[in-house]
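Peer 1: Below is the file data_18.cif, with mmCIF, C-alpha atoms and all ligand atoms.
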data_query
#
loop_
_atom_site.label_atom_id
_atom_site.label_comp_id
_atom_site.auth_asym_id
_atom_site.auth_seq_id
_atom_site.Cartn_x
_atom_site.Cartn_y
_atom_site.Cartn_z
CA MET A 8 89.79 122.75 82.71
CA ALA A 9 89.78 126.56 82.39
CA ASN A 10 86.44 126.61 84.11
CA PHE A 11 87.73 124.43 86.90
CA VAL A 12 90.72 126.75 87.49
CA SER A 13 88.75 130.00 87.41
CA ASN A 14 86.28 128.36 89.77
CA LEU A 15 89.14 127.68 92.23
CA PHE A 16 90.30 131.30 92.23
CA ARG A 17 87.00 133.12 91.87
CA SER A 18 84.43 131.35 94.02
CA ASN A 19 83.91 132.37 97.59
CA ARG A 20 82.88 128.95 98.77
CA LYS A 21 85.11 126.95 101.10
CA LEU A 22 87.45 124.71 99.02
CA THR A 23 87.95 121.02 99.68
CA VAL A 24 91.44 119.97 100.76
CA ASP A 25 92.19 118.58 97.27
CA GLU A 26 91.01 121.76 95.61
CA PHE A 27 93.07 123.78 98.04
CA ILE A 28 96.25 121.80 97.15
CA VAL A 29 95.62 122.23 93.43
CA LYS A 30 95.14 125.96 93.92
CA LYS A 31 98.38 126.24 95.95
CA THR A 32 100.31 124.29 93.32
CA ILE A 33 99.05 126.47 90.47
CA THR A 34 99.95 129.61 92.41
CA SER A 35 103.46 128.30 93.18
CA PHE A 36 104.14 127.40 89.56
CA PHE A 37 102.87 130.76 88.44
CA PHE A 38 105.34 132.62 90.68
CA LEU A 39 108.15 130.23 89.74
CA PHE A 40 107.48 131.03 86.09
CA VAL A 41 107.43 134.79 86.76
CA PHE A 42 110.73 134.42 88.66
CA PHE A 43 112.41 132.57 85.77
CA ALA A 44 111.12 135.08 83.26
CA ALA A 45 112.54 137.89 85.43
CA CYS A 46 115.92 136.14 85.58
CA ILE A 47 116.02 135.72 81.82
CA TRP A 48 114.97 139.31 81.31
CA ALA A 49 117.65 140.56 83.75
CA TRP A 50 120.33 138.45 82.06
CA LYS A 51 119.36 139.77 78.63
CA TRP A 52 119.33 143.30 80.00
CA VAL A 53 122.88 142.93 81.38
CA ARG A 54 124.02 141.53 78.03
CA ARG A 55 122.54 144.49 76.18
CA GLN A 56 124.36 147.08 78.32
CA PRO A 57 127.47 148.64 76.78
CA SER A 58 130.71 148.39 78.73
CA GLN A 59 131.44 151.23 81.10
CA ASN A 60 134.46 152.62 79.29
CA GLY A 61 132.86 152.05 75.92
CA SER A 62 135.52 149.57 74.80
CA ARG A 63 134.35 146.26 73.39
CA SER A 64 136.97 144.38 75.38
CA ASP A 65 135.52 145.48 78.71
CA ILE A 66 132.72 143.63 80.47
CA HIS A 67 129.16 144.94 80.59
CA ALA A 68 128.71 148.03 82.75
CA PRO A 69 126.45 146.49 85.45
CA LEU A 70 129.03 143.72 86.06
CA ARG A 71 131.85 146.26 86.07
CA LYS A 72 129.89 148.25 88.66
CA VAL A 73 129.76 145.17 90.89
CA LEU A 74 133.55 144.82 90.61
CA ASN A 75 134.03 148.51 91.39
CA THR A 76 131.78 148.18 94.43
CA ASN A 77 133.82 145.17 95.54
CA GLU A 78 136.90 147.35 95.21
CA ILE A 79 135.42 150.02 97.48
CA ILE A 80 134.53 147.38 100.08
CA PHE A 81 137.98 145.77 99.86
CA ASN A 82 139.63 149.18 100.19
CA LYS A 83 137.61 149.83 103.35
CA ILE A 84 138.50 146.56 105.04
CA PHE A 85 142.06 146.59 103.76
CA SER A 86 144.62 147.73 106.27
CA GLU A 87 148.30 147.38 106.92
CA ASN A 88 147.46 144.97 109.69
CA HIS A 89 146.03 142.55 107.21
CA HIS A 90 149.04 140.42 106.30
CA THR A 91 149.08 137.66 103.75
CA LYS A 92 149.90 134.33 105.39
CA THR A 93 153.64 133.59 105.26
CA TYR A 94 155.56 130.29 105.37
CA PRO A 95 159.09 129.26 106.36
CA ALA A 96 161.48 129.67 103.40
CA SER A 97 161.99 125.88 103.45
CA ALA A 98 158.35 125.42 102.36
CA ALA A 99 159.01 127.19 99.05
CA VAL A 100 159.04 125.18 95.82
CA LYS A 101 162.46 124.70 94.19
CA ASN A 102 161.22 124.74 90.60
CA VAL A 103 159.12 127.85 90.24
CA ARG A 104 156.61 127.81 87.43
CA PRO A 105 157.10 130.91 85.26
CA ASN A 106 153.96 132.35 83.73
CA GLY A 107 153.43 135.23 81.32
CA ASN A 108 156.26 136.80 79.33
CA ILE A 109 154.67 139.92 77.91
CA GLY A 110 157.21 142.75 77.86
CA MET A 111 160.11 140.35 78.37
CA SER A 112 161.64 140.43 74.88
CA LYS A 113 164.91 138.58 74.25
CA ASN A 114 166.79 141.65 73.02
CA PHE A 115 167.06 143.34 76.37
CA ASP A 116 170.34 144.78 77.57
CA THR A 117 170.82 143.91 81.22
CA ALA A 118 174.09 145.91 81.36
CA THR A 119 172.41 149.24 80.68
CA TRP A 120 169.21 148.50 82.63
CA LYS A 121 168.08 151.12 85.12
CA MET A 122 164.83 151.64 86.95
CA TYR A 123 163.44 155.05 86.03
CA VAL A 124 161.36 156.74 88.71
CA ILE A 125 159.35 159.69 87.45
CA ARG A 126 158.90 162.13 90.30
CA THR A 127 155.86 164.35 90.68
CA ASN A 128 158.04 167.43 90.14
CA GLY A 129 159.02 166.11 86.72
CA ASP A 130 162.51 164.89 87.68
CA THR A 131 163.47 161.33 86.85
CA LEU A 132 165.65 159.14 89.04
CA ALA A 133 167.71 156.45 87.28
CA LEU A 134 168.60 153.68 89.72
CA THR A 135 170.85 150.68 89.29
CA LEU A 136 170.36 147.33 90.96
CA ASN A 137 173.30 148.15 93.26
CA ASP A 138 171.53 151.32 94.40
CA LEU A 139 168.61 149.17 95.51
CA LYS A 140 170.79 146.46 97.06
CA LYS A 141 172.28 149.09 99.38
CA LEU A 142 168.89 149.48 101.05
CA PRO A 143 167.70 147.07 103.79
CA LYS A 144 166.77 143.66 102.42
CA THR A 145 163.41 142.02 103.15
CA ASP A 146 162.20 138.56 102.19
CA VAL A 147 158.78 136.99 102.02
CA THR A 148 157.57 133.43 101.49
CA PHE A 149 153.92 133.22 100.58
CA ASN A 150 151.42 131.39 98.41
CA PHE A 151 151.60 133.05 94.98
CA LYS A 152 148.20 132.89 93.28
CA CYS A 153 147.43 133.28 89.60
CA ILE A 154 143.89 134.01 88.40
CA GLU A 155 144.30 131.06 86.04
CA GLY A 156 143.73 128.93 89.10
CA TRP A 157 147.16 127.68 90.14
CA ASN A 158 149.24 128.67 93.13
CA GLN A 159 152.69 127.91 94.55
CA ILE A 160 154.59 128.78 97.71
CA THR A 161 157.57 130.88 96.68
CA HIS A 162 160.39 132.72 98.44
CA TRP A 163 161.38 136.21 97.27
CA ALA A 164 163.67 138.98 98.53
CA GLY A 165 164.44 142.61 97.75
CA VAL A 166 163.67 146.09 99.06
CA LYS A 167 160.41 146.76 100.80
CA PHE A 168 158.61 149.29 98.60
CA SER A 169 157.87 151.53 101.60
CA ASP A 170 161.59 151.45 102.61
CA PHE A 171 162.50 152.50 99.08
CA ILE A 172 160.02 155.40 99.26
CA LYS A 173 161.50 156.49 102.60
CA ALA A 174 165.12 156.17 101.49
CA TYR A 175 164.59 158.31 98.39
CA GLY A 176 162.28 160.83 100.08
CA LEU A 177 159.39 160.07 97.73
CA ASN A 178 156.73 161.29 100.16
CA ALA A 179 154.89 163.53 97.72
CA GLU A 180 154.81 160.58 95.32
CA ALA A 181 153.49 158.13 97.93
CA SER A 182 150.69 160.53 98.82
CA MET A 183 149.22 160.05 95.36
CA LYS A 184 146.50 157.45 94.85
CA TYR A 185 148.23 155.07 92.44
CA LEU A 186 151.56 153.59 91.51
CA GLY A 187 152.15 152.80 87.83
CA LEU A 188 154.77 150.30 86.59
CA THR A 189 155.80 149.38 83.06
CA THR A 190 158.35 147.02 81.52
CA PRO A 191 161.29 148.70 79.70
CA ASP A 192 159.55 148.08 76.34
CA LYS A 193 156.17 149.29 77.77
CA GLU A 194 154.44 146.10 76.59
CA TYR A 195 153.25 145.08 80.06
CA TYR A 196 151.99 147.61 82.58
CA VAL A 197 150.08 147.63 85.85
CA GLY A 198 148.43 150.13 88.17
CA ILE A 199 148.41 149.59 91.93
CA ASP A 200 146.46 151.48 94.59
CA MET A 201 148.96 153.17 96.90
CA ALA A 202 147.75 151.43 100.08
CA SER A 203 148.64 148.06 98.53
CA ALA A 204 151.97 149.35 97.19
CA MET A 205 152.89 150.68 100.65
CA HIS A 206 151.77 147.47 102.35
CA PRO A 207 154.68 146.07 104.45
CA GLN A 208 154.80 142.85 102.39
CA THR A 209 155.22 144.60 99.03
CA ILE A 210 158.79 144.42 97.70
CA LEU A 211 160.89 145.51 94.75
CA CYS A 212 162.28 142.05 94.29
CA TYR A 213 165.70 140.99 92.95
CA GLU A 214 166.07 137.49 94.44
CA LEU A 215 164.24 134.18 94.20
CA ASN A 216 165.22 131.39 96.61
CA GLY A 217 168.26 133.39 97.72
CA ARG A 218 169.66 133.84 94.19
CA PRO A 219 169.38 136.62 91.59
CA LEU A 220 166.01 136.55 89.85
CA PRO A 221 166.07 134.13 86.93
CA TRP A 222 165.50 135.69 83.51
CA ARG A 223 161.94 134.37 83.17
CA GLU A 224 161.03 135.49 86.70
CA GLY A 225 161.77 139.09 85.74
CA TYR A 226 165.50 139.74 86.01
CA PRO A 227 166.77 142.19 87.15
CA LEU A 228 163.84 143.57 89.18
CA ARG A 229 160.16 142.75 89.59
CA LEU A 230 157.28 143.61 91.86
CA ILE A 231 156.18 141.15 94.54
CA ILE A 232 152.88 142.17 96.09
CA PRO A 233 151.42 139.28 98.12
CA VAL A 234 148.10 141.07 98.71
CA LYS A 235 147.35 140.82 94.97
CA TYR A 236 146.88 138.15 92.32
CA GLY A 237 149.81 137.26 90.03
CA ILE A 238 148.78 139.62 87.22
CA LYS A 239 149.88 142.60 89.34
CA HIS A 240 153.39 141.22 90.08
CA LEU A 241 155.00 142.94 87.09
CA LYS A 242 158.25 141.31 85.98
CA ARG A 243 161.21 143.37 84.70
CA ILE A 244 160.39 146.84 85.98
CA GLY A 245 161.47 149.60 83.61
CA THR A 246 159.65 152.71 84.76
CA MET A 247 157.79 153.67 87.90
CA TYR A 248 155.43 156.64 88.12
CA PHE A 249 152.71 158.03 90.37
CA ALA A 250 149.22 159.32 89.61
CA ASN A 251 145.90 160.20 91.16
CA ASN A 252 144.00 158.59 88.28
CA ARG A 253 144.19 154.88 87.58
CA PRO A 254 147.27 154.13 85.49
CA PRO A 255 146.63 151.89 82.46
CA ASP A 256 146.65 148.20 83.38
CA TYR A 257 147.24 145.43 80.85
CA TRP A 258 144.80 142.85 82.22
CA ALA A 259 142.22 145.37 83.47
CA GLU A 260 141.99 146.57 79.85
CA ARG A 261 141.18 142.98 78.92
CA GLY A 262 138.32 142.70 81.38
CA TYR A 263 139.98 141.55 84.60
CA ASP A 264 139.35 143.25 87.91
CA TYR A 265 141.56 146.34 88.30
CA TYR A 266 142.02 145.85 92.02
CA SER A 267 142.67 142.07 91.86
CA GLY A 268 143.12 141.89 95.63
CA LEU A 269 143.29 138.71 97.67
N1 LIG A 301 156.31 141.57 82.39
C1 LIG A 301 155.37 140.67 82.76
N2 LIG A 301 155.09 140.48 84.06
C2 LIG A 301 154.15 139.57 84.42
C3 LIG A 301 153.41 138.84 83.46
C4 LIG A 301 153.70 139.08 82.09
O1 LIG A 301 153.12 138.49 81.16
N3 LIG A 301 154.70 139.99 81.78
N4 LIG A 301 152.44 137.93 83.86
C5 LIG A 301 151.91 138.06 85.23
C6 LIG A 301 151.19 136.88 85.67
S1 LIG A 301 149.66 136.59 84.96
C7 LIG A 301 151.66 136.05 86.66
S2 LIG A 301 150.72 134.78 87.28
C8 LIG A 301 153.00 136.24 87.23
C9 LIG A 301 153.79 134.95 87.20
O2 LIG A 301 155.04 135.11 87.81
P1 LIG A 301 156.14 133.99 87.66
O3 LIG A 301 156.43 133.84 86.19
O4 LIG A 301 157.32 134.43 88.44
O5 LIG A 301 155.55 132.70 88.20
O6 LIG A 301 153.73 137.25 86.56
C10 LIG A 301 152.98 138.40 86.24
N5 LIG A 301 153.90 139.40 85.75
MO MO A 302 148.67 135.10 86.35
#
Could you quickly redo this structure as structure tokens?

Peer 2:
Amino acid sequence: MANFVSNLFRSNRKLTVDEFIVKKTITSFFFLFVFFAACIWAWKWVRRQPSQNGSRSDIHAPLRKVLNTNEIIFNKIFSENHHTKTYPASAAVKNVRPNGNIGMSKNFDTATWKMYVIRTNGDTLALTLNDLKKLPKTDVTFNFKCIEGWNQITHWAGVKFSDFIKAYGLNAEASMKYLGLTTPDKEYYVGIDMASAMHPQTILCYELNGRPLPWREGYPLRLIIPVKYGIKHLKRIGTMYFANNRPPDYWAERGYDYYSGL
């Protein structure tokens, strides 16, 4: 057998058709084997790599790099002209499925709630819901998508984030790279790239289906940001701040994509 094979590859004589087919087949299997071995090696190599930020909860660095590259590409193609598809309000579901209640503890005093906005000069604004309701109202009906794999068409209203920035003269703040949001108890927190925050469909939301936000949907105020997956739509905003470095992000710390764009 070994002799027969080495004969096929070594001899200079013209091969018969049968010999030629056998030789081709052996060569093909050889390269297929090398290819599989390379795949297994690459997979093991990825598994051996530490995570980029050194934390055990993060994914392996090469995979994280792919996500970060995706983010750069998405940032490039992302523009204000790219709107998420909207629907008539009548298409919205009546019974909205609530999901995720981190940072939404029962002992929360709605009467004393304020949204704190930490300005870049160190000042802090404390705004009531009425302050926000005085600003122009915007609504959006879109297909809300959760990374868990479900989606639902929902109808929300509130103040466009960019209108809020304009009304309060937060230009220095909006020129920073990121917006950070946390719940009043700081248990849930997200970071948003400023282009997505300033997108015309992003709203500081206080109504669902034309009524005040239900408790489980984030009363009194939440973020609605149709260009992102559900994880970024922080419910019950407590504090807002601005930064040039990525603010901490609850699900990004647990391995999900920081950008989470749609
Ligand atoms: N404070 C807070 N906001 C949150 C979450 C959470 O656990 N806590 N979960 C997020 C996730 S994963 C999703 S899909 C949406 C769900 O919004 P809904 O409950 O209004 O459907 O809220 C997001 N905002
Ligand atoms: Mo989600």

Peer 1: Mind giving me the straight-line distance from CA of Leu269 in chain A to CA of Tyr236 in chain A in Å, one decimal?

Peer 2: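 If I compute the distance from CA of Leu269 in chain A to CA of Tyr236 in chain A, I get 6.5 Å.
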
Peer 1: Between A:Lys31, A:Lys235, A:Lys140, A:His67, which one has atoms that come closest to ligand LIG 301 (chain A), using only C-alpha atoms and all ligand atoms?

Peer 2: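 Looking at the shortest contact to ligand LIG 301 (chain A), the residue is A:Lys235.
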
Peer 1: Might you pull out every residue within 9 Å of Tyr257 in chain A, with all atoms listed in the file counted and same-chain residues fewer than 4 positions away left off, and present them as a PDB file with C-alpha atoms, keeping the file's coordinate frame?

Peer 2:
ATOM      1  CA  GLU A 194     154.440 146.100  76.590  1.00  0.00           C
ATOM      2  CA  TYR A 195     153.250 145.080  80.060  1.00  0.00           C
ATOM      3  CA  TYR A 196     151.990 147.610  82.580  1.00  0.00           C
ATOM      4  CA  VAL A 197     150.080 147.630  85.850  1.00  0.00           C
ATOM      5  CA  GLY A 198     148.430 150.130  88.170  1.00  0.00           C
ATOM      6  CA  ILE A 238     148.780 139.620  87.220  1.00  0.00           C
ATOM      7  CA  ARG A 261     141.180 142.980  78.920  1.00  0.00           C
TER       8      ARG A 261
END

Peer 1: May I have the residues within 8 Å of range 172-177 of chain A as an NGL selection string, using only C-alpha atoms and disregarding those fewer than 3 positions away in the same chain?

Peer 2: :A and (126 or 142 or 168-169 or 180-181)

Peer 1: Could the residues in this selection be saved with C-alpha atoms as a PDB file, keeping the file's coordinate frame?

Peer 2:
ATOM      1  CA  ARG A 126     158.900 162.130  90.300  1.00  0.00           C
ATOM      2  CA  LEU A 142     168.890 149.480 101.050  1.00  0.00           C
ATOM      3  CA  PHE A 168     158.610 149.290  98.600  1.00  0.00           C
ATOM      4  CA  SER A 169     157.870 151.530 101.600  1.00  0.00           C
ATOM      5  CA  GLU A 180     154.810 160.580  95.320  1.00  0.00           C
ATOM      6  CA  ALA A 181     153.490 158.130  97.930  1.00  0.00           C
TER       7      ALA A 181
END

Peer 1: Quick one: of A:Gly262, A:Gly217, A:Gly129, A:Pro255, who's nearest to Lys193 in chain A, counting all atoms listed in the file?

Peer 2: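 Looking at the shortest contact to Lys193 in chain A, the residue is A:Pro255.
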
Peer 1: Could you please determine the separation between CA of Gln208 in chain A and CA of Pro95 in chain A in Å, to one decimal place?

Peer 2: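 Value for the CA of Gln208 in chain A-CA of Pro95 in chain A distance: 14.8 Å.
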
Peer 1: Show me which residues are within 7 Å of ligand MO 302 (chain A) counting only C-alpha atoms and all ligand atoms, and format the list as a ChimeraX atom specification.

Peer 2: /A:106-107,153-155,236-238

Peer 1: Please check which residues have atoms at most 7 Å from (161.1, 139.7, 89.9) in the file's coordinates, counting all atoms listed in the file, and write them as a ChimeraX atom specification.

Peer 2: /A:212-213,220,224-231,242-243

Peer 1: Please compute the CA of Lys101 in chain A-CA of Leu215 in chain A distance, one decimal, in Å.

Peer 2: 9.6 Å

Peer 1: What's around Ile66 in chain A at 12 Å? Count only C-alpha atoms, leave out sequence neighbours fewer than 6 positions away in its own chain, and write the answer as a PyMOL selection string.

Peer 2: chain A and resi 53-60+72-74+259-264

Peer 1: Go through A:Ala45, A:Asp256, A:Asn128, A:Asn108 one by one, measure the shortest atom-to-atom distance of each to ligand LIG 301 (chain A) using all atoms listed in the file, and give the residue with the smallest value.

Peer 2: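 That would be A:Asn108, the residue with the smallest distance to ligand LIG 301 (chain A).
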
Peer 1: With a distance cut-off of 7 Å and all atoms listed in the file, select the neighbouring residues of Gly165 in chain A, excluding the residue or stretch itself and same-chain residues fewer than 6 positions from it, and output the selection as a PDB file with C-alpha atoms, in the frame of the given file.

Peer 2:
ATOM      1  CA  LYS A 144     166.770 143.660 102.420  1.00  0.00           C
ATOM      2  CA  THR A 145     163.410 142.020 103.150  1.00  0.00           C
ATOM      3  CA  ASP A 146     162.200 138.560 102.190  1.00  0.00           C
ATOM      4  CA  ILE A 210     158.790 144.420  97.700  1.00  0.00           C
ATOM      5  CA  LEU A 211     160.890 145.510  94.750  1.00  0.00           C
ATOM      6  CA  CYS A 212     162.280 142.050  94.290  1.00  0.00           C
ATOM      7  CA  TYR A 213     165.700 140.990  92.950  1.00  0.00           C
ATOM      8  CA  GLU A 214     166.070 137.490  94.440  1.00  0.00           C
TER       9      GLU A 214
END

Peer 1: Grab all the atoms of ligand LIG 301 (chain A) that the file lists, wrap them in a box along x, y and z, add 4 Å per side, and give me centre plus edge lengths in Å (one decimal) as AutoDock Vina command-line options.

Peer 2:
--center_x 153.5 --center_y 137.1 --center_z 84.8 --size_x 15.7 --size_y 16.9 --size_z 15.3

Peer 1: What lies within 10 Å of range 16-20 of chain A using only C-alpha atoms, ignoring chain neighbours under 6 positions off, as a PDB file with C-alpha atoms, in the coordinates of the input?

Peer 2:
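Writing the result to around38.pdb gives the following:
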ATOM      1  CA  PHE A  27      93.070 123.780  98.040  1.00  0.00           C
ATOM      2  CA  LYS A  30      95.140 125.960  93.920  1.00  0.00           C
ATOM      3  CA  THR A  34      99.950 129.610  92.410  1.00  0.00           C
TER       4      THR A  34
END

Peer 1: Could you check which of A:Ala250, A:Leu134, A:Leu188, A:Met205 is closest to ligand LIG 301 (chain A), using all atoms listed in the file?

Peer 2: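 Of the candidates, the smallest distance to ligand LIG 301 (chain A) is held by A:Leu188.
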
Peer 1: Would you mind telling me which residue in A:Asn75, A:Asn10, A:Ser97, A:Asn150 lies nearest to ligand LIG 301 (chain A) when using all atoms listed in the file?

Peer 2: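 Between A:Asn75, A:Asn10, A:Ser97, A:Asn150, the residue approaching ligand LIG 301 (chain A) most closely is A:Asn150.
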
Peer 1: Ranking A:Arg104, A:Lys184, A:Arg253, A:Arg71 by minimum distance to ligand LIG 301 (chain A) and counting only C-alpha atoms and all ligand atoms, which one comes first?

Peer 2: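 Checking each of A:Arg104, A:Lys184, A:Arg253, A:Arg71 against ligand LIG 301 (chain A), counting only C-alpha atoms and all ligand atoms, the winner is A:Arg104.
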
Peer 1: Missing atoms in range 143-169 of chain A need filling: write out N, CA and C atoms for it as a PDB file, in the coordinates of the input.

Peer 2:
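Contents of part.pdb, as written:
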ATOM      1  N   PRO A 143     167.968 148.273 102.995  1.00  0.00           N
ATOM      2  CA  PRO A 143     167.700 147.070 103.790  1.00  0.00           C
ATOM      3  C   PRO A 143     166.976 146.006 102.964  1.00  0.00           C
ATOM      4  N   LYS A 144     167.350 144.762 103.205  1.00  0.00           N
ATOM      5  CA  LYS A 144     166.770 143.660 102.420  1.00  0.00           C
ATOM      6  C   LYS A 144     165.643 142.993 103.216  1.00  0.00           C
ATOM      7  N   THR A 145     164.563 142.681 102.530  1.00  0.00           N
ATOM      8  CA  THR A 145     163.410 142.020 103.150  1.00  0.00           C
ATOM      9  C   THR A 145     163.047 140.794 102.327  1.00  0.00           C
ATOM     10  N   ASP A 146     162.668 139.708 102.987  1.00  0.00           N
ATOM     11  CA  ASP A 146     162.200 138.560 102.190  1.00  0.00           C
ATOM     12  C   ASP A 146     160.800 138.151 102.613  1.00  0.00           C
ATOM     13  N   VAL A 147     160.139 137.458 101.730  1.00  0.00           N
ATOM     14  CA  VAL A 147     158.780 136.990 102.020  1.00  0.00           C
ATOM     15  C   VAL A 147     158.562 135.646 101.323  1.00  0.00           C
ATOM     16  N   THR A 148     157.954 134.721 102.065  1.00  0.00           N
ATOM     17  CA  THR A 148     157.570 133.430 101.490  1.00  0.00           C
ATOM     18  C   THR A 148     156.065 133.313 101.641  1.00  0.00           C
ATOM     19  N   PHE A 149     155.391 133.216 100.526  1.00  0.00           N
ATOM     20  CA  PHE A 149     153.920 133.220 100.580  1.00  0.00           C
ATOM     21  C   PHE A 149     153.375 132.383  99.427  1.00  0.00           C
ATOM     22  N   ASN A 150     152.066 132.182  99.454  1.00  0.00           N
ATOM     23  CA  ASN A 150     151.420 131.390  98.410  1.00  0.00           C
ATOM     24  C   ASN A 150     151.028 132.307  97.255  1.00  0.00           C
ATOM     25  N   PHE A 151     151.787 132.203  96.170  1.00  0.00           N
ATOM     26  CA  PHE A 151     151.600 133.050  94.980  1.00  0.00           C
ATOM     27  C   PHE A 151     150.416 132.502  94.181  1.00  0.00           C
ATOM     28  N   LYS A 152     149.420 133.363  93.945  1.00  0.00           N
ATOM     29  CA  LYS A 152     148.200 132.890  93.280  1.00  0.00           C
ATOM     30  C   LYS A 152     147.971 133.572  91.936  1.00  0.00           C
ATOM     31  N   CYS A 153     147.744 132.751  90.932  1.00  0.00           N
ATOM     32  CA  CYS A 153     147.430 133.280  89.600  1.00  0.00           C
ATOM     33  C   CYS A 153     145.933 133.118  89.367  1.00  0.00           C
ATOM     34  N   ILE A 154     145.330 134.098  88.680  1.00  0.00           N
ATOM     35  CA  ILE A 154     143.890 134.010  88.400  1.00  0.00           C
ATOM     36  C   ILE A 154     143.544 132.838  87.500  1.00  0.00           C
ATOM     37  N   GLU A 155     144.570 132.248  86.862  1.00  0.00           N
ATOM     38  CA  GLU A 155     144.300 131.060  86.040  1.00  0.00           C
ATOM     39  C   GLU A 155     143.938 129.867  86.908  1.00  0.00           C
ATOM     40  N   GLY A 156     144.180 129.991  88.205  1.00  0.00           N
ATOM     41  CA  GLY A 156     143.730 128.930  89.100  1.00  0.00           C
ATOM     42  C   GLY A 156     144.833 128.093  89.720  1.00  0.00           C
ATOM     43  N   TRP A 157     146.098 128.443  89.471  1.00  0.00           N
ATOM     44  CA  TRP A 157     147.160 127.680  90.140  1.00  0.00           C
ATOM     45  C   TRP A 157     147.796 128.542  91.213  1.00  0.00           C
ATOM     46  N   ASN A 158     148.541 127.928  92.090  1.00  0.00           N
ATOM     47  CA  ASN A 158     149.240 128.670  93.130  1.00  0.00           C
ATOM     48  C   ASN A 158     150.485 127.897  93.540  1.00  0.00           C
ATOM     49  N   GLN A 159     151.472 128.583  94.090  1.00  0.00           N
ATOM     50  CA  GLN A 159     152.690 127.910  94.550  1.00  0.00           C
ATOM     51  C   GLN A 159     153.334 128.761  95.638  1.00  0.00           C
ATOM     52  N   ILE A 160     153.896 128.074  96.629  1.00  0.00           N
ATOM     53  CA  ILE A 160     154.590 128.780  97.710  1.00  0.00           C
ATOM     54  C   ILE A 160     155.989 129.128  97.228  1.00  0.00           C
ATOM     55  N   THR A 161     156.297 130.419  97.250  1.00  0.00           N
ATOM     56  CA  THR A 161     157.570 130.880  96.680  1.00  0.00           C
ATOM     57  C   THR A 161     158.251 131.868  97.626  1.00  0.00           C
ATOM     58  N   HIS A 162     159.566 131.923  97.523  1.00  0.00           N
ATOM     59  CA  HIS A 162     160.390 132.720  98.440  1.00  0.00           C
ATOM     60  C   HIS A 162     161.130 133.815  97.668  1.00  0.00           C
ATOM     61  N   TRP A 163     160.844 135.057  98.008  1.00  0.00           N
ATOM     62  CA  TRP A 163     161.380 136.210  97.270  1.00  0.00           C
ATOM     63  C   TRP A 163     162.087 137.167  98.226  1.00  0.00           C
ATOM     64  N   ALA A 164     163.038 137.959  97.694  1.00  0.00           N
ATOM     65  CA  ALA A 164     163.670 138.980  98.530  1.00  0.00           C
ATOM     66  C   ALA A 164     164.029 140.212  97.710  1.00  0.00           C
ATOM     67  N   GLY A 165     164.112 141.334  98.400  1.00  0.00           N
ATOM     68  CA  GLY A 165     164.440 142.610  97.750  1.00  0.00           C
ATOM     69  C   GLY A 165     164.241 143.744  98.737  1.00  0.00           C
ATOM     70  N   VAL A 166     163.882 144.915  98.213  1.00  0.00           N
ATOM     71  CA  VAL A 166     163.670 146.090  99.060  1.00  0.00           C
ATOM     72  C   VAL A 166     162.183 146.290  99.267  1.00  0.00           C
ATOM     73  N   LYS A 167     161.788 146.425 100.504  1.00  0.00           N
ATOM     74  CA  LYS A 167     160.410 146.760 100.800  1.00  0.00           C
ATOM     75  C   LYS A 167     160.082 148.051 100.055  1.00  0.00           C
ATOM     76  N   PHE A 168     158.957 148.090  99.358  1.00  0.00           N
ATOM     77  CA  PHE A 168     158.610 149.290  98.600  1.00  0.00           C
ATOM     78  C   PHE A 168     158.554 150.524  99.502  1.00  0.00           C
ATOM     79  N   SER A 169     157.990 150.365 100.708  1.00  0.00           N
ATOM     80  CA  SER A 169     157.870 151.530 101.600  1.00  0.00           C
ATOM     81  C   SER A 169     159.256 151.985 102.095  1.00  0.00           C
TER      82      SER A 169
END
